[in-house]
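Reviewing the structure listed below.
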Amino acid sequence: MENIQHSHVEVKGLKLHVAEIRTGPKAVVFLHGFPEIWYTWRYQMIVVANAGYRVIAFDFRGYGLSKHPAKPKKANLMDLVDEVVGLLDSLGISKNYMFINNSEIL
């Protein structure tokens, strides 16, 4: 897809797959539903990036190209929150403007 950069970021001992467009302080993070991956947001990512935002979508733990945790059955919603915060910290984003989610979990 257009200008989508892929990388892996280590957060809390897990290697997470990250898809990203643009750089800068104004960020929008897309959170996929289950059992989807970052690819769900590919078209929306391009539109939001063209509006001037840094756009990030990542595969949650155990999905897509992200690693599985050692004890997946012990995971809970707070693990996801911690991973999003850790991801933003590792990408140098101190303030986030918007999260977009298509799931009923949040």
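By order in the structure tokens, chains are A, B, ...; within a chain, residues start at 1; ligands start at 1, following the order shown.
For stretch 42-45 of chain A, the non-local neighbours within 10 Å, defined as residues at least 3 positions apart in the same chain or in other chains and counting only C-alpha atoms, are Met1, Glu2, Ile4, Ala19, Glu20, Ile21, Val28, Val29, Phe30, Trp38, Tyr39, Val48, Ala49, Asn50, Ala51, Tyr53, Arg54, Val55, Ile56 and Ala57 of chain A.
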Q: Going by DSSP on the backbone, which bits of stretch 6-106 of chain A are strand (DSSP E)? Write them as a PyMOL selection string, please.
A: chain A and resi 6-11+14-21+27-31+54-58+98-101
Output file for the residues above (C-alpha atoms, as a PDB file, in the first residue's frame):
ATOM      1  CA  HIS A   6       6.291  -1.721   8.546  1.00  0.00           C
ATOM      2  CA  SER A   7       8.408  -2.383  11.600  1.00  0.00           C
ATOM      3  CA  HIS A   8       8.468  -4.369  14.806  1.00  0.00           C
ATOM      4  CA  VAL A   9       8.557  -2.736  18.215  1.00  0.00           C
ATOM      5  CA  GLU A  10       9.325  -4.567  21.445  1.00  0.00           C
ATOM      6  CA  VAL A  11       6.780  -3.747  24.140  1.00  0.00           C
ATOM      7  CA  LEU A  14       6.498  -8.868  23.029  1.00  0.00           C
ATOM      8  CA  LYS A  15       7.480  -8.036  19.473  1.00  0.00           C
ATOM      9  CA  LEU A  16       4.544  -6.130  17.921  1.00  0.00           C
ATOM     10  CA  HIS A  17       4.113  -5.557  14.200  1.00  0.00           C
ATOM     11  CA  VAL A  18       3.478  -1.879  13.419  1.00  0.00           C
ATOM     12  CA  ALA A  19       2.173  -0.292  10.218  1.00  0.00           C
ATOM     13  CA  GLU A  20       2.718   3.454  10.022  1.00  0.00           C
ATOM     14  CA  ILE A  21       2.409   6.406   7.657  1.00  0.00           C
ATOM     15  CA  ALA A  27      -0.997  10.869  15.817  1.00  0.00           C
ATOM     16  CA  VAL A  28      -4.039   8.737  15.154  1.00  0.00           C
ATOM     17  CA  VAL A  29      -3.949   5.126  16.319  1.00  0.00           C
ATOM     18  CA  PHE A  30      -6.253   2.557  14.736  1.00  0.00           C
ATOM     19  CA  LEU A  31      -7.159  -0.454  16.899  1.00  0.00           C
ATOM     20  CA  ARG A  54       0.883  10.414  11.704  1.00  0.00           C
ATOM     21  CA  VAL A  55      -1.087   7.176  11.410  1.00  0.00           C
ATOM     22  CA  ILE A  56      -0.357   3.989  13.312  1.00  0.00           C
ATOM     23  CA  ALA A  57      -2.030   0.590  13.292  1.00  0.00           C
ATOM     24  CA  PHE A  58      -0.548  -2.503  14.857  1.00  0.00           C
ATOM     25  CA  MET A  98      -7.319  10.065  18.627  1.00  0.00           C
ATOM     26  CA  PHE A  99      -7.899   6.333  18.894  1.00  0.00           C
ATOM     27  CA  ILE A 100     -10.165   4.651  16.372  1.00  0.00           C
ATOM     28  CA  ASN A 101     -11.615   1.247  17.125  1.00  0.00           C
TER      29      ASN A 101
END
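Distance check against A:Asn76 using only C-alpha atoms: of A:Lys95, A:Arg61, A:Lys26, A:His32, the minimum falls on A:Arg61.
Going from atom CA of A:Glu83 to atom CA of A:Gly64 covers 15.6 Å.
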For the helix (DSSP H, G or I) assignment from backbone DSSP, which residues of stretch 5-42 of chain A qualify? Please present them as an mmCIF file with N, CA and C atoms, in the first residue's frame.
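Here's the written file part-v2.cif:
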data_model
loop_
_atom_site.group_PDB
_atom_site.id
_atom_site.type_symbol
_atom_site.label_atom_id
_atom_site.label_comp_id
_atom_site.auth_asym_id
_atom_site.auth_seq_id
_atom_site.Cartn_x
_atom_site.Cartn_y
_atom_site.Cartn_z
ATOM 1 N N TRP A 38 -3.991 -5.196 11.413
ATOM 2 C CA TRP A 38 -3.837 -3.794 11.009
ATOM 3 C C TRP A 38 -4.434 -3.528 9.637
ATOM 4 N N TYR A 39 -4.386 -4.520 8.758
ATOM 5 C CA TYR A 39 -4.795 -4.399 7.358
ATOM 6 C C TYR A 39 -6.241 -3.936 7.209
ATOM 7 N N THR A 40 -7.036 -4.159 8.232
ATOM 8 C CA THR A 40 -8.426 -3.709 8.249
ATOM 9 C C THR A 40 -8.521 -2.210 7.969
ATOM 10 N N TRP A 41 -7.531 -1.472 8.413
ATOM 11 C CA TRP A 41 -7.563 -0.010 8.358
ATOM 12 C C TRP A 41 -6.780 0.587 7.188
ATOM 13 N N ARG A 42 -6.303 -0.217 6.266
ATOM 14 C CA ARG A 42 -5.372 0.268 5.237
ATOM 15 C C ARG A 42 -5.899 1.481 4.463
#
